[in-house]
Each structure stands twice: as structure tokens, then as C-alpha cells.
file data_8.pdb (PDB, C-alpha atoms)
ATOM      1  CA  MET A   1     101.942 148.655  80.344
ATOM      2  CA  ARG A   2      99.731 146.174  78.510
ATOM      3  CA  GLY A   3     102.794 144.107  77.542
ATOM      4  CA  LEU A   4     103.953 144.013  81.129
ATOM      5  CA  LEU A   5     100.500 142.808  82.244
ATOM      6  CA  ALA A   6     100.458 140.090  79.575
ATOM      7  CA  THR A   7     103.907 138.921  80.642
ATOM      8  CA  ALA A   8     102.785 138.788  84.272
ATOM      9  CA  VAL A   9      99.749 136.712  83.316
ATOM     10  CA  VAL A  10     101.868 134.282  81.314
ATOM     11  CA  ILE A  11     104.405 133.908  84.123
ATOM     12  CA  GLY A  12     101.613 133.484  86.681
ATOM     13  CA  ALA A  13      99.935 130.814  84.556
ATOM     14  CA  ALA A  14     103.246 129.005  84.111
ATOM     15  CA  LEU A  15     103.813 128.998  87.861
ATOM     16  CA  LEU A  16     100.294 127.739  88.593
ATOM     17  CA  VAL A  17     100.764 124.747  86.302
ATOM     18  CA  GLY A  18     102.822 123.202  89.074
ATOM     19  CA  CYS A  19      99.779 123.279  91.331
ATOM     20  CA  GLY A  20      97.826 121.138  88.921
ATOM     21  CA  GLU A  21      97.047 117.499  89.610
ATOM     22  CA  LYS A  22      98.197 114.601  87.508
ATOM     23  CA  PRO A  23      95.411 112.267  86.382
ATOM     24  CA  GLN A  24      95.156 109.338  88.794
ATOM     25  CA  THR A  25      92.779 107.154  86.881
ATOM     26  CA  LEU A  26      93.579 103.465  86.973
ATOM     27  CA  ASP A  27      94.681 102.743  83.442
ATOM     28  CA  ALA A  28      97.022  99.831  84.088
ATOM     29  CA  LYS A  29      95.463  96.393  84.368
ATOM     30  CA  ALA A  30      97.137  93.105  85.076
ATOM     31  CA  LYS A  31      98.199  91.556  81.817
ATOM     32  CA  GLY A  32      96.559  88.357  82.885
ATOM     33  CA  PRO A  33      97.512  84.832  81.975
ATOM     34  CA  ASP A  34      99.799  84.571  79.013
ATOM     35  CA  ALA A  35     100.039  81.273  77.220
ATOM     36  CA  ALA A  36      98.530  78.166  78.782
ATOM     37  CA  PRO A  37     101.093  76.012  80.586
ATOM     38  CA  TRP A  38     100.836  73.290  77.939
ATOM     39  CA  ALA A  39     101.458  75.729  75.094
ATOM     40  CA  ALA A  40     104.728  75.098  73.340
ATOM     41  CA  SER A  41     107.338  77.633  74.337
ATOM     42  CA  ALA A  42     110.832  78.155  73.037
ATOM     43  CA  SER A  43     112.299  74.701  73.416
ATOM     44  CA  SER A  44     113.103  74.679  77.097
ATOM     45  CA  PRO A  45     116.031  72.539  78.186
ATOM     46  CA  PHE A  46     114.132  71.969  81.407
ATOM     47  CA  TYR A  47     111.142  70.151  79.944
ATOM     48  CA  ALA A  48     110.256  66.981  81.774
ATOM     49  CA  ALA A  49     112.114  64.157  80.057
ATOM     50  CA  ASP A  50     109.113  62.346  78.607
ATOM     51  CA  TRP A  51     106.986  65.321  77.686
ATOM     52  CA  LYS A  52     106.832  67.740  74.791
ATOM     53  CA  GLY A  53     105.115  71.120  74.846
ATOM     54  CA  GLY A  54     101.990  71.986  72.910
ATOM     55  CA  ASP A  55      99.656  69.144  73.828
ATOM     56  CA  LYS A  56      97.072  69.752  76.557
ATOM     57  CA  ALA A  57      96.180  66.097  77.039
ATOM     58  CA  ALA A  58      99.842  65.149  77.305
ATOM     59  CA  TRP A  59     100.417  67.947  79.803
ATOM     60  CA  GLU A  60      97.526  66.779  81.972
ATOM     61  CA  ALA A  61      98.778  63.204  81.813
ATOM     62  CA  GLN A  62     102.260  64.374  82.763
ATOM     63  CA  ILE A  63     100.934  66.365  85.739
ATOM     64  CA  ARG A  64      98.870  63.347  86.825
ATOM     65  CA  THR A  65     101.945  61.117  86.621
ATOM     66  CA  ARG A  66     104.065  63.503  88.625
ATOM     67  CA  ASN A  67     101.263  63.890  91.154
ATOM     68  CA  GLN A  68     101.323  60.149  91.700
ATOM     69  CA  GLY A  69     105.051  60.457  92.358
ATOM     70  CA  GLN A  70     103.996  62.021  95.663
ATOM     71  CA  ASN A  71     101.801  59.045  96.505
ATOM     72  CA  ASP A  72     103.628  56.487  98.650
ATOM     73  CA  TYR A  73     100.784  54.019  98.270
ATOM     74  CA  ALA A  74     101.008  53.967  94.474
ATOM     75  CA  ARG A  75     104.679  53.111  94.172
TER      76      ARG A  75
ATOM     77  CA  MET B  76      91.037  70.637  84.094
ATOM     78  CA  ALA B  77      93.381  70.393  87.031
ATOM     79  CA  ARG B  78      92.678  72.802  89.915
ATOM     80  CA  MET B  79      96.005  73.306  91.637
ATOM     81  CA  LYS B  80      96.139  73.129  95.443
ATOM     82  CA  PHE B  81      98.582  72.553  98.272
ATOM     83  CA  ILE B  82      98.146  70.244 101.264
ATOM     84  CA  CYS B  83     100.640  70.016 104.111
ATOM     85  CA  ASP B  84     100.452  66.858 106.187
ATOM     86  CA  ALA B  85     101.357  67.877 109.759
ATOM     87  CA  GLU B  86     101.846  64.231 110.719
ATOM     88  CA  ARG B  87     104.731  63.955 108.254
ATOM     89  CA  CYS B  88     106.439  67.362 108.240
ATOM     90  CA  ILE B  89     109.755  67.133 110.078
ATOM     91  CA  GLU B  90     110.615  70.840 109.878
ATOM     92  CA  CYS B  91     113.644  70.204 107.664
ATOM     93  CA  ASN B  92     112.992  73.415 105.696
ATOM     94  CA  GLY B  93     113.891  71.611 102.489
ATOM     95  CA  CYS B  94     110.816  73.110 100.807
ATOM     96  CA  VAL B  95     111.952  76.619 101.773
ATOM     97  CA  THR B  96     115.418  75.981 100.374
ATOM     98  CA  ALA B  97     114.090  74.386  97.196
ATOM     99  CA  CYS B  98     111.794  77.341  96.592
ATOM    100  CA  LYS B  99     114.526  79.892  97.126
ATOM    101  CA  ALA B 100     116.970  78.046  94.890
ATOM    102  CA  GLU B 101     114.492  77.271  92.122
ATOM    103  CA  ASN B 102     113.110  80.795  91.890
ATOM    104  CA  ASN B 103     116.179  82.854  92.809
ATOM    105  CA  VAL B 104     114.244  84.411  95.651
ATOM    106  CA  PRO B 105     116.177  87.399  97.033
ATOM    107  CA  TRP B 106     117.428  87.874 100.567
ATOM    108  CA  GLY B 107     114.720  88.986 102.947
ATOM    109  CA  VAL B 108     111.950  87.237 101.038
ATOM    110  CA  ASN B 109     110.678  83.769 101.853
ATOM    111  CA  ARG B 110     107.893  82.602  99.636
ATOM    112  CA  ARG B 111     107.492  79.524 101.819
ATOM    113  CA  ARG B 112     108.054  79.069 105.556
ATOM    114  CA  VAL B 113     107.799  76.191 107.981
ATOM    115  CA  VAL B 114     105.717  77.018 111.043
ATOM    116  CA  THR B 115     106.037  74.847 114.154
ATOM    117  CA  LEU B 116     103.340  74.761 116.776
ATOM    118  CA  ASN B 117     104.269  73.920 120.379
ATOM    119  CA  ASP B 118     107.928  73.932 119.421
ATOM    120  CA  GLY B 119     110.025  71.835 121.815
ATOM    121  CA  VAL B 120     107.004  70.239 123.433
ATOM    122  CA  ALA B 121     106.261  66.573 122.918
ATOM    123  CA  GLY B 122     103.816  66.228 120.052
ATOM    124  CA  GLU B 123     104.874  69.431 118.279
ATOM    125  CA  LYS B 124     103.517  69.849 114.796
ATOM    126  CA  SER B 125     105.052  71.612 111.810
ATOM    127  CA  ILE B 126     103.439  72.770 108.609
ATOM    128  CA  SER B 127     104.873  74.352 105.510
ATOM    129  CA  VAL B 128     103.033  77.546 104.612
ATOM    130  CA  ALA B 129     102.999  79.618 101.440
ATOM    131  CA  CYS B 130     100.386  81.111  99.168
ATOM    132  CA  MET B 131      97.560  78.567  99.006
ATOM    133  CA  HIS B 132      96.141  79.988  95.760
ATOM    134  CA  CYS B 133      92.771  80.424  97.426
ATOM    135  CA  SER B 134      89.526  79.796  95.596
ATOM    136  CA  ASP B 135      88.236  83.213  96.669
ATOM    137  CA  ALA B 136      91.545  84.993  97.243
ATOM    138  CA  PRO B 137      91.319  87.966  99.655
ATOM    139  CA  CYS B 138      94.454  89.507  98.109
ATOM    140  CA  MET B 139      92.654  89.781  94.785
ATOM    141  CA  ALA B 140      89.695  91.419  96.476
ATOM    142  CA  VAL B 141      91.672  94.153  98.239
ATOM    143  CA  CYS B 142      94.297  95.036  95.638
ATOM    144  CA  PRO B 143      93.675  98.702  94.725
ATOM    145  CA  VAL B 144      95.385  98.386  91.338
ATOM    146  CA  ASP B 145      93.932  94.999  90.400
ATOM    147  CA  CYS B 146      97.290  93.391  89.738
ATOM    148  CA  PHE B 147      96.168  89.823  90.532
ATOM    149  CA  TYR B 148      94.738  87.280  88.170
ATOM    150  CA  ARG B 149      93.872  83.600  88.297
ATOM    151  CA  THR B 150      94.906  81.101  85.660
ATOM    152  CA  ASP B 151      92.659  78.366  84.318
ATOM    153  CA  GLU B 152      94.482  75.976  86.634
ATOM    154  CA  GLY B 153      93.402  78.019  89.684
ATOM    155  CA  VAL B 154      96.832  79.507  90.343
ATOM    156  CA  VAL B 155      96.683  83.046  91.767
ATOM    157  CA  LEU B 156      99.390  85.188  90.167
ATOM    158  CA  HIS B 157     100.151  88.870  90.019
ATOM    159  CA  ASP B 158     101.679  91.355  87.620
ATOM    160  CA  LYS B 159     104.706  93.099  89.119
ATOM    161  CA  ASP B 160     104.509  95.827  86.476
ATOM    162  CA  VAL B 161     101.170  96.893  87.949
ATOM    163  CA  CYS B 162     101.835  96.268  91.675
ATOM    164  CA  ILE B 163     102.513  99.472  93.634
ATOM    165  CA  GLY B 164     103.758  97.719  96.777
ATOM    166  CA  CYS B 165     101.029  99.145  99.019
ATOM    167  CA  GLY B 166     100.921  96.014 101.188
ATOM    168  CA  TYR B 167      97.123  95.671 101.397
ATOM    169  CA  CYS B 168      97.398  92.086 100.190
ATOM    170  CA  SER B 169      99.701  91.185 103.076
ATOM    171  CA  TYR B 170      97.108  92.449 105.560
ATOM    172  CA  ALA B 171      94.325  90.548 103.819
ATOM    173  CA  CYS B 172      96.122  87.233 103.359
ATOM    174  CA  PRO B 173      95.336  84.698 106.121
ATOM    175  CA  PHE B 174      98.592  82.833 105.385
ATOM    176  CA  GLY B 175     101.072  85.729 105.377
ATOM    177  CA  ALA B 176     102.038  84.858 101.835
ATOM    178  CA  PRO B 177     102.763  88.264 100.255
ATOM    179  CA  GLN B 178     106.354  89.277 100.890
ATOM    180  CA  PHE B 179     108.150  92.577 100.368
ATOM    181  CA  PRO B 180     111.867  93.094  99.972
ATOM    182  CA  THR B 181     113.117  95.064 102.986
ATOM    183  CA  ASN B 182     116.837  95.097 102.347
ATOM    184  CA  GLY B 183     116.985  98.720 101.209
ATOM    185  CA  GLU B 184     117.203 101.994 103.077
ATOM    186  CA  PHE B 185     114.371 103.404 105.195
ATOM    187  CA  GLY B 186     112.245 100.233 105.310
ATOM    188  CA  LEU B 187     111.980  99.947 101.549
ATOM    189  CA  ARG B 188     108.866  98.132 100.422
ATOM    190  CA  GLY B 189     109.154  97.151  96.796
ATOM    191  CA  LYS B 190     106.944  95.087  94.529
ATOM    192  CA  MET B 191     105.137  92.265  96.243
ATOM    193  CA  ASP B 192     106.559  88.774  95.802
ATOM    194  CA  LYS B 193     104.854  85.498  96.592
ATOM    195  CA  CYS B 194     104.630  81.847  95.674
ATOM    196  CA  THR B 195     103.632  81.375  92.048
ATOM    197  CA  PHE B 196     102.992  77.624  92.300
ATOM    198  CA  CYS B 197     106.089  77.574  90.092
ATOM    199  CA  ALA B 198     103.918  79.000  87.299
ATOM    200  CA  GLY B 199     105.855  82.200  86.597
ATOM    201  CA  GLY B 200     103.984  85.358  85.635
ATOM    202  CA  PRO B 201     102.353  87.103  82.708
ATOM    203  CA  GLU B 202     105.494  87.122  80.561
ATOM    204  CA  ALA B 203     106.025  84.422  77.955
ATOM    205  CA  ASN B 204     106.422  80.932  79.410
ATOM    206  CA  GLY B 205     110.013  80.136  80.261
ATOM    207  CA  SER B 206     111.317  83.523  79.078
ATOM    208  CA  ASP B 207     114.227  85.270  80.736
ATOM    209  CA  ALA B 208     111.967  88.196  81.667
ATOM    210  CA  GLU B 209     109.584  85.853  83.452
ATOM    211  CA  ASN B 210     112.420  84.060  85.196
ATOM    212  CA  ALA B 211     113.961  87.319  86.407
ATOM    213  CA  LYS B 212     110.714  88.649  87.872
ATOM    214  CA  TYR B 213     108.886  85.565  89.078
ATOM    215  CA  GLY B 214     111.242  82.604  88.926
ATOM    216  CA  ARG B 215     110.938  79.276  87.162
ATOM    217  CA  ASN B 216     107.783  78.274  85.324
ATOM    218  CA  ARG B 217     107.841  74.573  86.104
ATOM    219  CA  LEU B 218     104.178  74.045  85.230
ATOM    220  CA  SER B 219     104.935  74.929  81.612
ATOM    221  CA  GLU B 220     107.703  72.325  81.692
ATOM    222  CA  GLY B 221     105.259  69.617  82.716
ATOM    223  CA  LYS B 222     106.390  69.677  86.335
ATOM    224  CA  LEU B 223     104.877  70.464  89.724
ATOM    225  CA  PRO B 224     106.182  72.998  92.288
ATOM    226  CA  ALA B 225     109.740  72.289  93.426
ATOM    227  CA  CYS B 226     108.818  72.448  97.134
ATOM    228  CA  ALA B 227     106.277  69.645  96.861
ATOM    229  CA  GLU B 228     108.220  67.499  94.436
ATOM    230  CA  MET B 229     111.359  67.430  96.555
ATOM    231  CA  CYS B 230     109.712  67.080  99.989
ATOM    232  CA  SER B 231     111.592  64.152 101.501
ATOM    233  CA  THR B 232     108.722  62.872 103.633
ATOM    234  CA  LYS B 233     106.058  63.823 101.080
ATOM    235  CA  ALA B 234     104.398  65.926 103.755
ATOM    236  CA  LEU B 235     103.841  68.746 101.309
ATOM    237  CA  LEU B 236     101.582  67.722  98.468
ATOM    238  CA  GLY B 237     101.021  70.050  95.529
ATOM    239  CA  GLY B 238      99.128  69.528  92.310
ATOM    240  CA  ASP B 239      95.627  68.756  91.100
ATOM    241  CA  GLY B 240      93.361  69.310  94.108
ATOM    242  CA  ASP B 241      91.384  66.091  93.568
ATOM    243  CA  VAL B 242      94.541  63.999  93.303
ATOM    244  CA  VAL B 243      96.337  65.450  96.336
ATOM    245  CA  ALA B 244      93.148  65.183  98.396
ATOM    246  CA  ASP B 245      92.865  61.540  97.348
ATOM    247  CA  ILE B 246      96.487  60.829  98.295
ATOM    248  CA  PHE B 247      95.959  62.459 101.688
ATOM    249  CA  ARG B 248      92.705  60.562 102.264
ATOM    250  CA  THR B 249      94.446  57.243 101.601
ATOM    251  CA  ARG B 250      97.150  58.123 104.132
ATOM    252  CA  VAL B 251      94.669  59.070 106.817
ATOM    253  CA  LEU B 252      92.705  55.865 106.300
ATOM    254  CA  ASN B 253      95.882  53.807 106.563
ATOM    255  CA  ARG B 254      97.288  55.443 109.669
ATOM    256  CA  GLY B 255      93.936  56.122 111.304
ATOM    257  CA  LYS B 256      94.748  59.631 112.546
ATOM    258  CA  GLY B 257      95.888  63.087 111.504
ATOM    259  CA  SER B 258      93.026  64.030 109.249
ATOM    260  CA  GLU B 259      93.325  67.753 110.005
ATOM    261  CA  VAL B 260      94.337  69.773 106.969
ATOM    262  CA  TRP B 261      95.244  73.162 108.375
ATOM    263  CA  GLY B 262      94.343  76.026 106.109
ATOM    264  CA  TRP B 263      92.385  73.923 103.635
ATOM    265  CA  GLY B 264      88.978  75.297 104.669
ATOM    266  CA  THR B 265      90.311  78.855 104.808
ATOM    267  CA  ALA B 266      91.817  78.624 101.353
ATOM    268  CA  TYR B 267      89.349  76.505  99.444
ATOM    269  CA  GLY B 268      86.148  76.817 101.462
ATOM    270  CA  LYS B 269      84.330  74.368 103.647
ATOM    271  CA  PRO B 270      82.294  71.556 102.096
ATOM    272  CA  VAL B 271      78.779  72.687 101.365
ATOM    273  CA  GLN B 272      76.149  70.628 103.164
ATOM    274  CA  THR B 273      73.326  70.003 100.766
ATOM    275  CA  SER B 274      69.945  69.071 102.123
ATOM    276  CA  MET B 275      68.729  65.622 101.150
ATOM    277  CA  ALA B 276      65.138  66.570 101.893
ATOM    278  CA  ALA B 277      62.741  66.646  99.006
ATOM    279  CA  PRO B 278      62.377  70.093  97.481
ATOM    280  CA  THR B 279      59.429  71.975  98.813
ATOM    281  CA  GLU B 280      56.792  73.011  96.391
ATOM    282  CA  VAL B 281      56.812  76.608  95.413
ATOM    283  CA  LYS B 282      53.498  78.355  96.006
ATOM    284  CA  LYS B 283      52.174  80.068  92.967
TER     285      LYS B 283
END

call {"tool": "encode", "arguments": {"input": "data_8.pdb", "output": "C-alpha cells"}}
result
Amino acid sequence: MRGLLATAVVIGAALLVGCGEKPQTLDAKAKGPDAAPWAASASSPFYAADWKGGDKAAWEAQIRTRNQGQNDYAR
Amino acid sequence: MARMKFICDAERCIECNGCVTACKAENNVPWGVNRRRVVTLNDGVAGEKSISVACMHCSDAPCMAVCPVDCFYRTDEGVVLHDKDVCIGCGYCSYACPFGAPQFPTNGEFGLRGKMDKCTFCAGGPEANGSDAENAKYGRNRLSEGKLPACAEMCSTKALLGGDGDVVADIFRTRVLNRGKGSEVWGWGTAYGKPVQTSMAAPTEVKK
């Protein structure tokens, strides 16, 4: 009788597990910025012709130059 | 440091949709998603105006504020990006965005709404610069190649300007001064805030 009761309790507990709630806490965060855009990456074949990765000042100069490519009055 | 911004010059845009095509080609944007669109006001009426609209990478981005899983981040260059591994596709950002920038693939069954996709200012995502993983999820990372967004760089009339905010604003100012009209920059105030009027009056003494 006692064994039967214990079995019923175990089966009941196993069935009730399905009614439980999964934790919904926010544990995933955006990874955020990876490397800076001027950081040298695996040698990209698409690099701008006159620019090499890894140099912040050179990157800023390159962006400035390309920005002026949009300026009709500076051509 | 450069603070990246877009300006679309309505006096120059000819609604060619070249920017839309360039964006789709450069970033392998799937069917049903347009990161950039050309909107025409008073279409067919004399004096119609067109502007190219995409994510403006707002200074105080509403999408970042409403995202329940905090998947957005801003780079040092002011580019608003998001992490597709964290995005749950709830769509709150699309309701919050004043420019309709967030897009959701809808080419599946039962109105599928997958991970959000939007303009990245051609700056990719959180994966390593120029990696295949980044390219597959977010498209080309032109900024890390020393380039500006494809849409702006290929615009045939140079209506769409993209790059360092100070530089593009200066280019636009020169144009307006030369042509003497068309100084309206639609969306600029919404995205980057209105100029703050500072009082020139002498500071009042604080009572002790």
C-alpha cells in the first residue's frame, strides 16, 4: 500500500513538472560593437585602394576624402 | 571623431531608386525587405518632391528605448546597430521608429515575422569586421573598408549625402547658399534634434 502511494506521488510530481514555468529573466545582451572600423581585419579584398586597415588617423582621412567625393563644389 | 549622419536633398532627388538598388545589391537584402525606400510627395503634381528614407541612426534612437530585449547598440561613430542573435522580432521598434526603418521578412507562411533588419550604415554588425558571418547576417561592412554607405556614394545626383555629420551638413549648406532655396532637411530635426537656442543674456546671480 505504501509502495503504491509512493509511486503515485512520484508520478504526480513528474506530471506536475510540465506545469512549471521556465525562467524568463533577460540574460542575453547585445554583444555591442566589435572592433572599431579602422581596426585591421583579415586582409579584405574590398579595402579602398589607397587605404590600409589598422590606422585610425588614416581611416578618418579616408572617410573625409570620400565625403568630399559627394561635394560637387569641391571637385 | 566622425558622427555619421544622412541628409537627403529633396531638390536633387529624382526618384531613380538607385540608392534602393545599391543597398539591396551591396547587402544581399532578401525579398520583402527594403532597408531604404524613396518616398515621393505630391506624386504626379508639378513640384513633386522625393526623398530617400532609411534608418537615420538617430542621436536619441526611439528603437533603442523601446526594445524589450535591449538588442540595439550605438558605435563610437554614432551608427545604431542591432544584434540579430538577441532580437526576438517583436516589432516594437517598427512602431517606435519615425522613419519606418525596421523591416521584417514576411515571405513565409502565416505572416512570418523574423528577426528585424534595417540599414546598418554599411557598418555590419557585432561579428568580426568583414567576416562571412557578419556579411550573411547584416551585409557588407564598408566602413571598415574605409568607405561610406553604398547608397550615398553611388547617388547619381548626389542628393543623398552620408558620412560625417559636420561634413555632409557643410556640403548641403554650400549648395543651399549657391542655389538660394531648398534649405529644408526633412527628418534631420527628428533624427538628430533641433538646434538648442542658448541665451546670450548675462547669467543671473544666484542668491545665497

call {"tool": "closest_residue", "arguments": {"input": "data_8.pdb", "among": "A:Ile11, A:Leu16, A:Ala30, A:Ala6", "to": "Asp158 in chain B", "atoms": "only C-alpha atoms"}}
result
A:Ala30

call {"tool": "residues_around", "arguments": {"input": "data_8.pdb", "residues": "Gly189 in chain B", "least_positions_apart": "5", "cutoff": "9 Å", "atoms": "all atoms listed in the file", "output": "list in words"}}
result
Cys162, Ile163, Gly164, Cys165, Phe179, Pro180 and Thr181 of chain B

call {"tool": "resolve_selection", "arguments": {"input": "data_8.pdb", "expression": "the PyMOL selection byres ((chain A) within 9 of (chain B))", "output": "PyMOL selection string"}}
result
chain A and resi 26+28-42+44+46-48+51-53+58-60+62-64+66-73

call {"tool": "atom_distance", "arguments": {"input": "data_8.pdb", "atom1": "CA of Val251 in chain B", "atom2": "CA of Val271 in chain B"}}
result
21.6 Å

call {"tool": "residues_near_point", "arguments": {"input": "data_8.pdb", "point": "(117.9, 87.9, 98.9)", "cutoff": "12 Å", "atoms": "only C-alpha atoms", "output": "short mmCIF file (atom, residue, chain, number, x, y, z; two decimals) with C-alpha atoms, in the frame of the given file"}}
result
data_model
loop_
_atom_site.label_atom_id
_atom_site.label_comp_id
_atom_site.auth_asym_id
_atom_site.auth_seq_id
_atom_site.Cartn_x
_atom_site.Cartn_y
_atom_site.Cartn_z
CA LYS B 99 114.53 79.89 97.13
CA ALA B 100 116.97 78.05 94.89
CA ASN B 102 113.11 80.80 91.89
CA ASN B 103 116.18 82.85 92.81
CA VAL B 104 114.24 84.41 95.65
CA PRO B 105 116.18 87.40 97.03
CA TRP B 106 117.43 87.87 100.57
CA GLY B 107 114.72 88.99 102.95
CA VAL B 108 111.95 87.24 101.04
CA ASN B 109 110.68 83.77 101.85
CA ARG B 110 107.89 82.60 99.64
CA GLN B 178 106.35 89.28 100.89
CA PHE B 179 108.15 92.58 100.37
CA PRO B 180 111.87 93.09 99.97
CA THR B 181 113.12 95.06 102.99
CA ASN B 182 116.84 95.10 102.35
CA GLY B 183 116.98 98.72 101.21
CA ASP B 192 106.56 88.77 95.80
#

call {"tool": "axis_aligned_box", "arguments": {"input": "data_8.pdb", "around": "range 117-133 of chain B", "padding_each_side": "4 Å", "output": "AutoDock Vina command-line options"}}
result
--center_x 101.4 --center_y 73.7 --center_z 109.6 --size_x 25.3 --size_y 22.9 --size_z 35.7

call {"tool": "closest_residue", "arguments": {"input": "data_8.pdb", "among": "B:Pro137, B:Leu187, B:Cys194, B:Cys226", "to": "Ser169 in chain B", "atoms": "only C-alpha atoms"}}
result
B:Pro137

call {"tool": "resolve_selection", "arguments": {"input": "data_8.pdb", "expression": "the PyMOL selection byres ((chain B and resi 264) around 12)", "output": "list in words"}}
result
Lys80, Phe81, Ile82, Met131, Cys133, Ser134, Asp135, Pro173, Glu259, Val260, Trp261, Gly262, Trp263, Thr265, Ala266, Tyr267, Gly268, Lys269, Pro270 and Val271 of chain B

call {"tool": "atom_distance", "arguments": {"input": "data_8.pdb", "atom1": "CA of Arg87 in chain B", "atom2": "CA of Thr195 in chain B"}}
result
23.8 Å

call {"tool": "atom_distance", "arguments": {"input": "data_8.pdb", "atom1": "CA of Thr115 in chain B", "atom2": "CA of Ser127 in chain B"}}
result
8.7 Å
